[in-house]
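These notes concern the structure reproduced below.
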Amino acid sequence: MPEKRFRVGMFVTCLVDLFRPSVGFAAVKLLEDAGCAVAVPRAQTCCGQPAYNAGARADARAIARQVIAAFEGFDYVVAPSGSCAGMIKLHYPALCADEPALAARARALSEKTFELVSFLTDVLGRSTVAARYDGRATYHDGCSGLRELEIKAQPRTLLSSVEGLTLEELPGAEVCCGFGGTFCVKYPDISTRMVADKTAEIAATGADTVLAGDLGCLLNIAGRLSREGRAVRVRHVAEVLAGMTETPAIGEPRRGRRG
Amino acid sequence: MEPISHAFKDNARRGLADPNLQRALARLKTGFQERRTIAAARLPEFEALRSQAKEIKDRTLANLDFYLERFEAKVRETGGEVHWCQTPAEAREAILRICRAAQAKSVTKGKSMVAEEIALNPFLEANGIEPVETDLGEYIIQLADEYPSHIIVPALHKTAEQISELFLDRHRQYGNTQRLEEVRELVDEARRIIRPRYVAADVGITGANFLIAETGSTAIVTNEGNGDLTQILPKVHIVIATLEKVVPTLDDAATLMRLLARSATGQELSTYTTFSTGPRRADDLDGPESFHVVLLDNGRSKMLGSEFQDVLRCIKCGACMNHCPVYGAVGGHAYGWVYPGPLGAVLTPFLVGIEEAGHLPNASTFCGRCEAVCPVRIPLLKMMRYWREREFEAGLGAPALRRGLALWAWLAKRPALYRPLTALAIALLGALAPRRGALAHLPLATGWTRDRDLPAPEGGTFQARWRARQGRGARTAA
């Protein structure tokens, strides 16, 4: 077997770890197919964004310190989430600014941290994947990936190489779905309105599948689609790109398993 | 006005349930967002201009005392007067003194958010001076006895039908008894009523988009021309503006103007751009006999050098609120004071206190659209986060959420404990939904499950499944 090109530390993200392990395995497959040796450090929990955005800076920094220590030895750090990758890449250096030594390490980590799809395209130069998905899909741009990391064309490029898949552009794809971390439970009325607008736009495209690169948005959108009784499948973009869609879609009843 | 920002959640709920407001807010997308996108795309140097504008404002703020003193000297040179006011009360008194000296009975007003900030209208009324709003939007909300819900479109929250109803009711006194349906007719009727008031007014009060240090000029942009009539026809012209409106030169103002209307309404320029420099000179055909600039601080000087300095770059275009999904859902009145939207989320806590306005910087998903369109690149999210940090340090915020967060953070810092405990929690959650793909109700998470299901966890944690797979792999290899 040829020597792997890069040693990649995968930042699983807390939501993928707990709610959708399949996304993690899909990410591993995509990275390995692209020639990376993937490791998953045990000392990871969350990127600290909930604390950071709640104003709990000391907690956020303690978690950042832990992530930096666990991941700084890798060539690259990759997360299947624009939000968590954005946290490490853009916010850790600011969060650690008061401690020069830690800030230097945060900056070094920042430079080698990427969101999964943009890593495959922008860093590894991939423009195709070997996968098949029979369906009409639409794509929601998660806010952090889009506006912090400028991820817009990358997932569309890779999706266009998936056999059997047609991509319908989602009107208002760049508008927030209303998840916003703790926002959705702090301001449920506003969040509901935002996600209901989103699911209405999704339904209007006629797509049978909605994809995105962030599990937070996906849980929110899937939860609302399920409540509205709309039969649109919800998946993380990595699942489709890896051709790993045997697992029921997010929020879909489990198949072939006894309850 | 008394702020009601503390009641943001109730205000928001009312806004969400108001069908007229929702119809009115639907105009933001086509009326403002799409137009801005087109206008920005048509100007190749738009992004470069944003950086240039930021640089102009940063440079000015770094030397604000110098430019303000220069501005004052130039105003004096051209025969005008500058009144330095620290507080809203001082500004109101300064305006009243000028009005009294002119024996004013009625005052015409161009659109000014600073006048809202100092609650000028009720003060003038209490002192026997009638304020007449001449901007159509301001006129509408004055008739309705409301306050602006948007910084450039004060009556954005009203539909044409509501305005038609309002005019029918309030214009009876002028003998108008016909219900007008067409927007054109409504505008014409308002114009017929406002026109004579310009001539009758003793004093005209306008805001300022820019104060120009180089010339002592003030500049306003409008689409109705009402500002021109307000400042030219009365004997006295008062400009009310806050400190950060000053820019060094006319060229700087021109650069900012290239961004202002494009960012605000998608126009290349507003219909009218009006500069005022001192009172009428001997050979001028028109203009006021006296010219006053009431320069208000109201805490801005304290923002200088603080983590909130960057918000002083604001040129009040309204793009942040036009593009904010929260503003677009709840409308401007939900924010409970003069400045709504992302700008208000940063500025209002400073002006009315974080205890009153604590919800505002929290009621954001941090989606970042506001920053993406801000013509002067204000880091609005970063500043909202500063407020959240101050609240956190002061022990403000919902206790249940704080406790939950503290517990979670404690655990997140202990991976060896976090892994088994979260694995257990997620297994329990999965057991609640053995066959269904999603949970319709979950105690302690009703904020989530009231209006959406919670997708059930897939089963197992990634960490556990990954270790199991690695173990198998290792055994196979061995």
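By order of appearance in the structure tokens: chains A, B, ..., then residues from 1 within every chain, and ligands from 1 in the order shown.
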With the cut-off set at 10 Å and counting only C-alpha atoms, tabulate each residue of segment 195-250 of chain B with an atom at most that distance from an atom of segment 277-285 of chain B, showing the nearest atom pair and its distance in Å to one decimal, ordered by chain and increasing number, as JSON lines.
```
{"residue": "B:Ile212", "atom": "CA", "partner": "B:Thr277", "partner_atom": "CA", "distance": 9.6}
{"residue": "B:Thr215", "atom": "CA", "partner": "B:Thr277", "partner_atom": "CA", "distance": 7.4}
{"residue": "B:Gly216", "atom": "CA", "partner": "B:Thr277", "partner_atom": "CA", "distance": 6.3}
{"residue": "B:Ser217", "atom": "CA", "partner": "B:Thr277", "partner_atom": "CA", "distance": 4.4}
{"residue": "B:Thr218", "atom": "CA", "partner": "B:Thr277", "partner_atom": "CA", "distance": 6.6}
{"residue": "B:Ala219", "atom": "CA", "partner": "B:Thr277", "partner_atom": "CA", "distance": 9.0}
{"residue": "B:Ile232", "atom": "CA", "partner": "B:Arg280", "partner_atom": "CA", "distance": 9.0}
{"residue": "B:Lys235", "atom": "CA", "partner": "B:Pro279", "partner_atom": "CA", "distance": 9.2}
{"residue": "B:Val236", "atom": "CA", "partner": "B:Pro279", "partner_atom": "CA", "distance": 8.4}
{"residue": "B:His237", "atom": "CA", "partner": "B:Pro279", "partner_atom": "CA", "distance": 8.0}
```
List every residue of chain B that has an atom at most 7 Å from any atom of chain A, giving for each one its closest atom pair and the distance in Å to one decimal, counting only C-alpha atoms, sorted by chain and then by ascending residue number, as a tab-separated table.
```
residue	atom	partner	partner_atom	distance
B:Arg13	CA	A:Asp189	CA	6.8
B:Val326	CA	A:Ile190	CA	6.8
B:Ala329	CA	A:Ile190	CA	6.7
B:Ala363	CA	A:Phe183	CA	6.9
B:Ser364	CA	A:Phe183	CA	6.9
B:Thr365	CA	A:Gly180	CA	4.0
B:Phe366	CA	A:Gly180	CA	6.6
B:Cys367	CA	A:Cys143	CA	5.2
B:Gly368	CA	A:Arg147	CA	6.7
B:Arg385	CA	A:Asn53	CA	6.2
B:Arg388	CA	A:Gly55	CA	4.6
B:Glu389	CA	A:Gly55	CA	3.6
B:Phe392	CA	A:Gly55	CA	5.6
B:Ala409	CA	A:Asp59	CA	6.3
B:Ala412	CA	A:Thr45	CA	5.6
B:Lys413	CA	A:Ile63	CA	5.8
B:Pro415	CA	A:Ala43	CA	5.4
B:Ile426	CA	A:Leu18	CA	6.4
B:Pro434	CA	A:Gly259	CA	4.7
B:Arg435	CA	A:Gly259	CA	5.0
B:Arg436	CA	A:Pro253	CA	4.7
B:Gly437	CA	A:Pro253	CA	3.7
B:Ala438	CA	A:Gly251	CA	5.0
B:Gly447	CA	A:Val185	CA	4.6
B:Trp448	CA	A:Val185	CA	5.7
B:Asp451	CA	A:Thr192	CA	6.4
B:Arg452	CA	A:Arg224	CA	4.4
B:Asp453	CA	A:Gly223	CA	4.2
B:Leu454	CA	A:Gly223	CA	5.2
B:Pro455	CA	A:Gly251	CA	4.1
B:Ala456	CA	A:Gly251	CA	6.1
B:Pro457	CA	A:Phe19	CA	4.2
B:Glu458	CA	A:Arg20	CA	5.4
B:Thr461	CA	A:Leu18	CA	5.0
B:Phe462	CA	A:Pro21	CA	4.4
B:Gln463	CA	A:Asp17	CA	6.4
```
Compare A:Leu31, A:Leu241, A:Ala26, A:Leu158 by their minimum atom-to-atom distance to Val8 of chain A, counting only C-alpha atoms, and give me the closest one.
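Nearest candidate to Val8 of chain A out of A:Leu31, A:Leu241, A:Ala26, A:Leu158: A:Leu31.
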Can you list every residue in segment 96-177 of chain A that DSSP puts in strand (DSSP E or B), as a compact mmCIF listing (two decimals) with C-alpha atoms, in the first residue's frame?
```
# COMPACT_ATOMS: atom_id res chain seq x y z
CA THR A 113 -7.60 23.13 10.41
CA PHE A 114 -10.23 22.67 7.72
CA GLU A 115 -13.83 21.76 7.21
CA ARG A 132 -23.88 7.06 -6.40
CA TYR A 133 -27.06 8.54 -4.97
CA ASP A 134 -30.33 8.24 -6.81
CA GLY A 135 -32.31 11.31 -6.03
CA ARG A 136 -32.98 15.02 -6.41
CA ALA A 137 -31.13 16.83 -3.69
CA THR A 138 -30.98 20.42 -2.56
CA TYR A 139 -28.22 21.99 -0.46
CA GLU A 163 -23.83 9.53 -10.13
CA GLY A 164 -27.60 9.59 -10.18
CA LEU A 165 -27.84 12.81 -8.19
CA THR A 166 -29.41 16.00 -9.50
CA LEU A 167 -28.90 19.14 -7.48
CA GLU A 168 -31.69 21.71 -7.23
```
Counting only C-alpha atoms, what is within 6 Å of Ala24 of chain B, bar same-chain residues fewer than 2 positions away, as a list in words?
Leu21, Gln22, Ala26, Arg27, His157, Lys158 and Thr159 of chain B
Given the selection you just returned, output its residues as a file containing C-alpha atoms, formatted as an mmCIF file, in the first residue's frame.
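Final file, out_6.cif:
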```cif
data_model
loop_
_atom_site.group_PDB
_atom_site.id
_atom_site.type_symbol
_atom_site.label_atom_id
_atom_site.label_comp_id
_atom_site.auth_asym_id
_atom_site.auth_seq_id
_atom_site.Cartn_x
_atom_site.Cartn_y
_atom_site.Cartn_z
ATOM 1 C CA LEU B 21 -46.288 43.146 10.354
ATOM 2 C CA GLN B 22 -45.367 39.888 8.667
ATOM 3 C CA ALA B 26 -41.805 40.405 3.586
ATOM 4 C CA ARG B 27 -40.766 43.500 1.609
ATOM 5 C CA HIS B 157 -43.797 47.801 9.917
ATOM 6 C CA LYS B 158 -46.916 49.252 8.318
ATOM 7 C CA THR B 159 -48.734 47.986 5.255
#
```
Based on DSSP run over this structure's backbone, return all residues of segment 29-222 of chain A in alpha helix (DSSP H), as a ChimeraX atom specification.
/A:29-33,49-53,57-71,82-86,92-95,100-111,116-118,143,153-159,183-186,188-205,215-222
Give me, please, the distance in Å between atom CA of Phe291 of chain B and atom CA of Val239 of chain B, quoted to one decimal.
7.9 Å
Leu250 of chain B surroundings by only C-alpha atoms, 10 Å radius, close-in-sequence under 2 positions cut, as a ChimeraX atom specification
/B:210-215,217,219,247-248,252-256
Those selected residues, please, written with N, CA and C atoms and delivered as a CSV table (one decimal), in the first residue's frame.
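Just written: again.csv:
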```csv
chain,number,residue,atom,x,y,z
B,210,PHE,N,-23.3,63.1,7.5
B,210,PHE,CA,-21.9,63.3,7.7
B,210,PHE,C,-21.7,64.8,8.2
B,211,LEU,N,-20.7,65.0,9.0
B,211,LEU,CA,-20.2,66.3,9.4
B,211,LEU,C,-18.8,66.4,8.7
B,212,ILE,N,-18.6,67.4,8.0
B,212,ILE,CA,-17.3,67.5,7.3
B,212,ILE,C,-16.4,68.5,7.9
B,213,ALA,N,-15.3,68.0,8.4
B,213,ALA,CA,-14.4,68.8,9.2
B,213,ALA,C,-13.7,69.9,8.4
B,214,GLU,N,-13.4,69.5,7.2
B,214,GLU,CA,-12.6,70.4,6.2
B,214,GLU,C,-13.4,71.7,5.9
B,215,THR,N,-14.7,71.6,5.9
B,215,THR,CA,-15.5,72.7,5.4
B,215,THR,C,-16.5,73.2,6.5
B,217,SER,N,-19.3,71.7,6.9
B,217,SER,CA,-20.6,71.4,6.3
B,217,SER,C,-21.2,70.2,7.0
B,219,ALA,N,-24.1,67.1,6.0
B,219,ALA,CA,-24.7,66.6,4.7
B,219,ALA,C,-25.8,65.6,5.1
B,247,VAL,N,-16.4,63.4,9.4
B,247,VAL,CA,-15.3,62.8,8.5
B,247,VAL,C,-14.4,63.9,8.2
B,248,PRO,N,-13.2,63.6,7.8
B,248,PRO,CA,-12.2,64.7,7.6
B,248,PRO,C,-12.5,65.6,6.4
B,252,ASP,N,-13.8,62.2,1.6
B,252,ASP,CA,-14.1,61.1,2.4
B,252,ASP,C,-15.6,60.9,2.4
B,253,ALA,N,-16.3,62.0,2.6
B,253,ALA,CA,-17.8,61.9,2.6
B,253,ALA,C,-18.3,61.2,1.3
B,254,ALA,N,-17.7,61.6,0.2
B,254,ALA,CA,-18.1,61.1,-1.1
B,254,ALA,C,-17.8,59.6,-1.2
B,255,THR,N,-16.7,59.2,-0.7
B,255,THR,CA,-16.4,57.7,-0.7
B,255,THR,C,-17.5,57.0,0.1
B,256,LEU,N,-17.8,57.5,1.3
B,256,LEU,CA,-18.8,56.8,2.1
B,256,LEU,C,-20.2,56.8,1.4
```
Please, what distance in Å, to one decimal, runs between atom CA of Lys29 of chain B and atom CA of Gly328 of chain B?
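These atoms are spaced 8.9 Å apart.
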Near Pro131 of chain B, counting only C-alpha atoms, which residues have an atom at most 12 Å away, once you skip same-chain residues fewer than 6 positions from it, shown as a PDB file with N, CA and C atoms, in the first residue's frame?
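Dumped everything to out.pdb:
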```
ATOM      1  N   LEU B  96     -34.059  73.614  22.739  1.00  0.00           N
ATOM      2  CA  LEU B  96     -35.144  74.460  23.240  1.00  0.00           C
ATOM      3  C   LEU B  96     -34.710  75.925  23.329  1.00  0.00           C
ATOM      4  N   CYS B  99     -34.820  77.378  19.931  1.00  0.00           N
ATOM      5  CA  CYS B  99     -36.210  77.560  19.502  1.00  0.00           C
ATOM      6  C   CYS B  99     -36.852  78.744  20.212  1.00  0.00           C
ATOM      7  N   ALA B 104     -40.143  80.245  18.466  1.00  0.00           N
ATOM      8  CA  ALA B 104     -40.719  79.242  17.578  1.00  0.00           C
ATOM      9  C   ALA B 104     -41.996  78.643  18.151  1.00  0.00           C
ATOM     10  N   LYS B 105     -42.973  78.508  17.270  1.00  0.00           N
ATOM     11  CA  LYS B 105     -44.205  77.803  17.635  1.00  0.00           C
ATOM     12  C   LYS B 105     -44.264  76.444  16.955  1.00  0.00           C
ATOM     13  N   SER B 106     -43.735  76.405  15.750  1.00  0.00           N
ATOM     14  CA  SER B 106     -43.692  75.103  15.082  1.00  0.00           C
ATOM     15  C   SER B 106     -42.320  74.865  14.467  1.00  0.00           C
ATOM     16  N   VAL B 107     -41.962  73.587  14.459  1.00  0.00           N
ATOM     17  CA  VAL B 107     -40.636  73.167  14.009  1.00  0.00           C
ATOM     18  C   VAL B 107     -40.823  72.052  12.987  1.00  0.00           C
ATOM     19  N   THR B 108     -40.237  72.199  11.820  1.00  0.00           N
ATOM     20  CA  THR B 108     -40.260  71.073  10.885  1.00  0.00           C
ATOM     21  C   THR B 108     -39.030  70.209  11.150  1.00  0.00           C
ATOM     22  N   LYS B 109     -39.206  68.924  10.913  1.00  0.00           N
ATOM     23  CA  LYS B 109     -38.098  67.999  11.205  1.00  0.00           C
ATOM     24  C   LYS B 109     -37.844  67.066  10.040  1.00  0.00           C
ATOM     25  N   GLY B 110     -36.595  66.972   9.661  1.00  0.00           N
ATOM     26  CA  GLY B 110     -36.191  65.911   8.734  1.00  0.00           C
ATOM     27  C   GLY B 110     -35.939  64.661   9.563  1.00  0.00           C
ATOM     28  N   LYS B 111     -35.683  63.547   8.888  1.00  0.00           N
ATOM     29  CA  LYS B 111     -35.498  62.293   9.620  1.00  0.00           C
ATOM     30  C   LYS B 111     -34.217  62.325  10.441  1.00  0.00           C
ATOM     31  N   ALA B 115     -32.597  62.400  17.068  1.00  0.00           N
ATOM     32  CA  ALA B 115     -33.767  63.053  17.675  1.00  0.00           C
ATOM     33  C   ALA B 115     -34.637  62.023  18.393  1.00  0.00           C
ATOM     34  N   ALA B 119     -35.433  61.626  22.407  1.00  0.00           N
ATOM     35  CA  ALA B 119     -36.889  61.792  22.590  1.00  0.00           C
ATOM     36  C   ALA B 119     -37.281  63.257  22.464  1.00  0.00           C
ATOM     37  N   LEU B 120     -36.916  63.836  21.331  1.00  0.00           N
ATOM     38  CA  LEU B 120     -37.091  65.277  21.150  1.00  0.00           C
ATOM     39  C   LEU B 120     -38.563  65.688  21.007  1.00  0.00           C
ATOM     40  N   ASN B 121     -39.345  64.929  20.252  1.00  0.00           N
ATOM     41  CA  ASN B 121     -40.717  65.376  19.980  1.00  0.00           C
ATOM     42  C   ASN B 121     -41.564  65.596  21.233  1.00  0.00           C
ATOM     43  N   PRO B 122     -41.629  64.598  22.131  1.00  0.00           N
ATOM     44  CA  PRO B 122     -42.449  64.834  23.324  1.00  0.00           C
ATOM     45  C   PRO B 122     -41.955  66.013  24.143  1.00  0.00           C
ATOM     46  N   PHE B 123     -40.629  66.218  24.123  1.00  0.00           N
ATOM     47  CA  PHE B 123     -40.053  67.336  24.877  1.00  0.00           C
ATOM     48  C   PHE B 123     -40.488  68.674  24.269  1.00  0.00           C
ATOM     49  N   LEU B 124     -40.435  68.770  22.954  1.00  0.00           N
ATOM     50  CA  LEU B 124     -40.845  70.021  22.311  1.00  0.00           C
ATOM     51  C   LEU B 124     -42.325  70.281  22.573  1.00  0.00           C
ATOM     52  N   GLU B 125     -43.136  69.220  22.442  1.00  0.00           N
ATOM     53  CA  GLU B 125     -44.576  69.372  22.682  1.00  0.00           C
ATOM     54  C   GLU B 125     -44.845  69.855  24.098  1.00  0.00           C
ATOM     55  N   GLU B 138     -41.589  59.102   8.840  1.00  0.00           N
ATOM     56  CA  GLU B 138     -41.674  59.712  10.172  1.00  0.00           C
ATOM     57  C   GLU B 138     -43.042  60.364  10.373  1.00  0.00           C
ATOM     58  N   TYR B 139     -43.549  60.982   9.308  1.00  0.00           N
ATOM     59  CA  TYR B 139     -44.868  61.607   9.384  1.00  0.00           C
ATOM     60  C   TYR B 139     -45.930  60.558   9.729  1.00  0.00           C
ATOM     61  N   GLN B 142     -45.606  59.499  13.278  1.00  0.00           N
ATOM     62  CA  GLN B 142     -46.036  60.578  14.173  1.00  0.00           C
ATOM     63  C   GLN B 142     -47.568  60.601  14.254  1.00  0.00           C
ATOM     64  N   LEU B 143     -48.210  60.444  13.102  1.00  0.00           N
ATOM     65  CA  LEU B 143     -49.676  60.382  13.081  1.00  0.00           C
ATOM     66  C   LEU B 143     -50.176  59.214  13.932  1.00  0.00           C
ATOM     67  N   ILE B 194     -48.221  68.500   4.285  1.00  0.00           N
ATOM     68  CA  ILE B 194     -46.941  68.931   4.867  1.00  0.00           C
ATOM     69  C   ILE B 194     -46.438  70.236   4.248  1.00  0.00           C
ATOM     70  N   ARG B 197     -46.611  73.527   5.928  1.00  0.00           N
ATOM     71  CA  ARG B 197     -45.961  73.552   7.230  1.00  0.00           C
ATOM     72  C   ARG B 197     -44.497  73.978   7.119  1.00  0.00           C
ATOM     73  N   TYR B 198     -43.877  73.695   5.983  1.00  0.00           N
ATOM     74  CA  TYR B 198     -42.484  74.119   5.780  1.00  0.00           C
ATOM     75  C   TYR B 198     -42.384  75.640   5.872  1.00  0.00           C
ATOM     76  N   ALA B 200     -44.545  77.680   7.223  1.00  0.00           N
ATOM     77  CA  ALA B 200     -44.985  78.222   8.507  1.00  0.00           C
ATOM     78  C   ALA B 200     -43.976  78.006   9.626  1.00  0.00           C
ATOM     79  N   ALA B 201     -43.090  77.038   9.436  1.00  0.00           N
ATOM     80  CA  ALA B 201     -42.201  76.664  10.547  1.00  0.00           C
ATOM     81  C   ALA B 201     -41.189  77.768  10.845  1.00  0.00           C
ATOM     82  N   ASP B 202     -40.881  77.914  12.136  1.00  0.00           N
ATOM     83  CA  ASP B 202     -39.896  78.908  12.559  1.00  0.00           C
ATOM     84  C   ASP B 202     -38.491  78.321  12.574  1.00  0.00           C
ATOM     85  N   VAL B 203     -38.431  77.030  12.836  1.00  0.00           N
ATOM     86  CA  VAL B 203     -37.136  76.356  12.935  1.00  0.00           C
ATOM     87  C   VAL B 203     -37.224  75.042  12.161  1.00  0.00           C
ATOM     88  N   GLY B 204     -36.143  74.683  11.475  1.00  0.00           N
ATOM     89  CA  GLY B 204     -36.064  73.378  10.832  1.00  0.00           C
ATOM     90  C   GLY B 204     -34.964  72.558  11.489  1.00  0.00           C
ATOM     91  N   ILE B 205     -35.293  71.329  11.845  1.00  0.00           N
ATOM     92  CA  ILE B 205     -34.290  70.463  12.480  1.00  0.00           C
ATOM     93  C   ILE B 205     -34.032  69.266  11.569  1.00  0.00           C
ATOM     94  N   THR B 206     -32.773  69.032  11.264  1.00  0.00           N
ATOM     95  CA  THR B 206     -32.425  67.840  10.494  1.00  0.00           C
ATOM     96  C   THR B 206     -31.351  67.053  11.238  1.00  0.00           C
ATOM     97  N   THR B 230     -36.834  71.534   4.771  1.00  0.00           N
ATOM     98  CA  THR B 230     -36.755  71.710   6.223  1.00  0.00           C
ATOM     99  C   THR B 230     -35.620  72.649   6.595  1.00  0.00           C
TER     100      THR B 230
END
```
Separation of atom CA of Arg7 of chain A and atom CA of Ala37 of chain A, in Å?
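Interatomic distance, atom CA of Arg7 of chain A to atom CA of Ala37 of chain A: 4.9 Å.
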Contacts of Leu351 of chain B within 9 Å, only C-alpha atoms, excl. fewer than 2 positions in-chain, as an MDAnalysis selection string:
chainID B and resid 298:300 347:349 353:354
Distance query segment 205-214 of chain A at most 8 Å, only C-alpha atoms, self and fewer than 5 positions along chain excluded, as a PyMOL selection string:
chain A and resi 80-83+135-142+145+168-170+231-238
Kindly export the residues of the current selection with C-alpha atoms, as a PDB file, in the first residue's frame.
```
ATOM      1  CA  PRO A  80     -17.215  17.449   9.233  1.00  0.00           C
ATOM      2  CA  SER A  81     -18.662  20.823  10.231  1.00  0.00           C
ATOM      3  CA  GLY A  82     -18.131  24.394   9.077  1.00  0.00           C
ATOM      4  CA  SER A  83     -19.173  25.659  12.458  1.00  0.00           C
ATOM      5  CA  GLY A 135     -32.314  11.314  -6.027  1.00  0.00           C
ATOM      6  CA  ARG A 136     -32.976  15.020  -6.406  1.00  0.00           C
ATOM      7  CA  ALA A 137     -31.126  16.832  -3.686  1.00  0.00           C
ATOM      8  CA  THR A 138     -30.977  20.421  -2.555  1.00  0.00           C
ATOM      9  CA  TYR A 139     -28.223  21.994  -0.464  1.00  0.00           C
ATOM     10  CA  HIS A 140     -28.411  24.324   2.529  1.00  0.00           C
ATOM     11  CA  ASP A 141     -25.325  26.429   3.220  1.00  0.00           C
ATOM     12  CA  GLY A 142     -24.543  26.449   6.932  1.00  0.00           C
ATOM     13  CA  GLY A 145     -19.063  27.387   6.656  1.00  0.00           C
ATOM     14  CA  GLU A 168     -31.690  21.705  -7.229  1.00  0.00           C
ATOM     15  CA  GLU A 169     -30.495  25.077  -5.937  1.00  0.00           C
ATOM     16  CA  LEU A 170     -32.332  26.074  -2.777  1.00  0.00           C
ATOM     17  CA  ALA A 231     -41.168  13.239   3.308  1.00  0.00           C
ATOM     18  CA  VAL A 232     -37.846  14.852   2.545  1.00  0.00           C
ATOM     19  CA  ARG A 233     -34.740  12.882   3.505  1.00  0.00           C
ATOM     20  CA  VAL A 234     -32.078  14.759   5.431  1.00  0.00           C
ATOM     21  CA  ARG A 235     -28.435  13.797   5.225  1.00  0.00           C
ATOM     22  CA  HIS A 236     -25.009  15.200   5.904  1.00  0.00           C
ATOM     23  CA  VAL A 237     -23.231  15.896   2.632  1.00  0.00           C
ATOM     24  CA  ALA A 238     -20.391  13.545   3.663  1.00  0.00           C
TER      25      ALA A 238
END
```
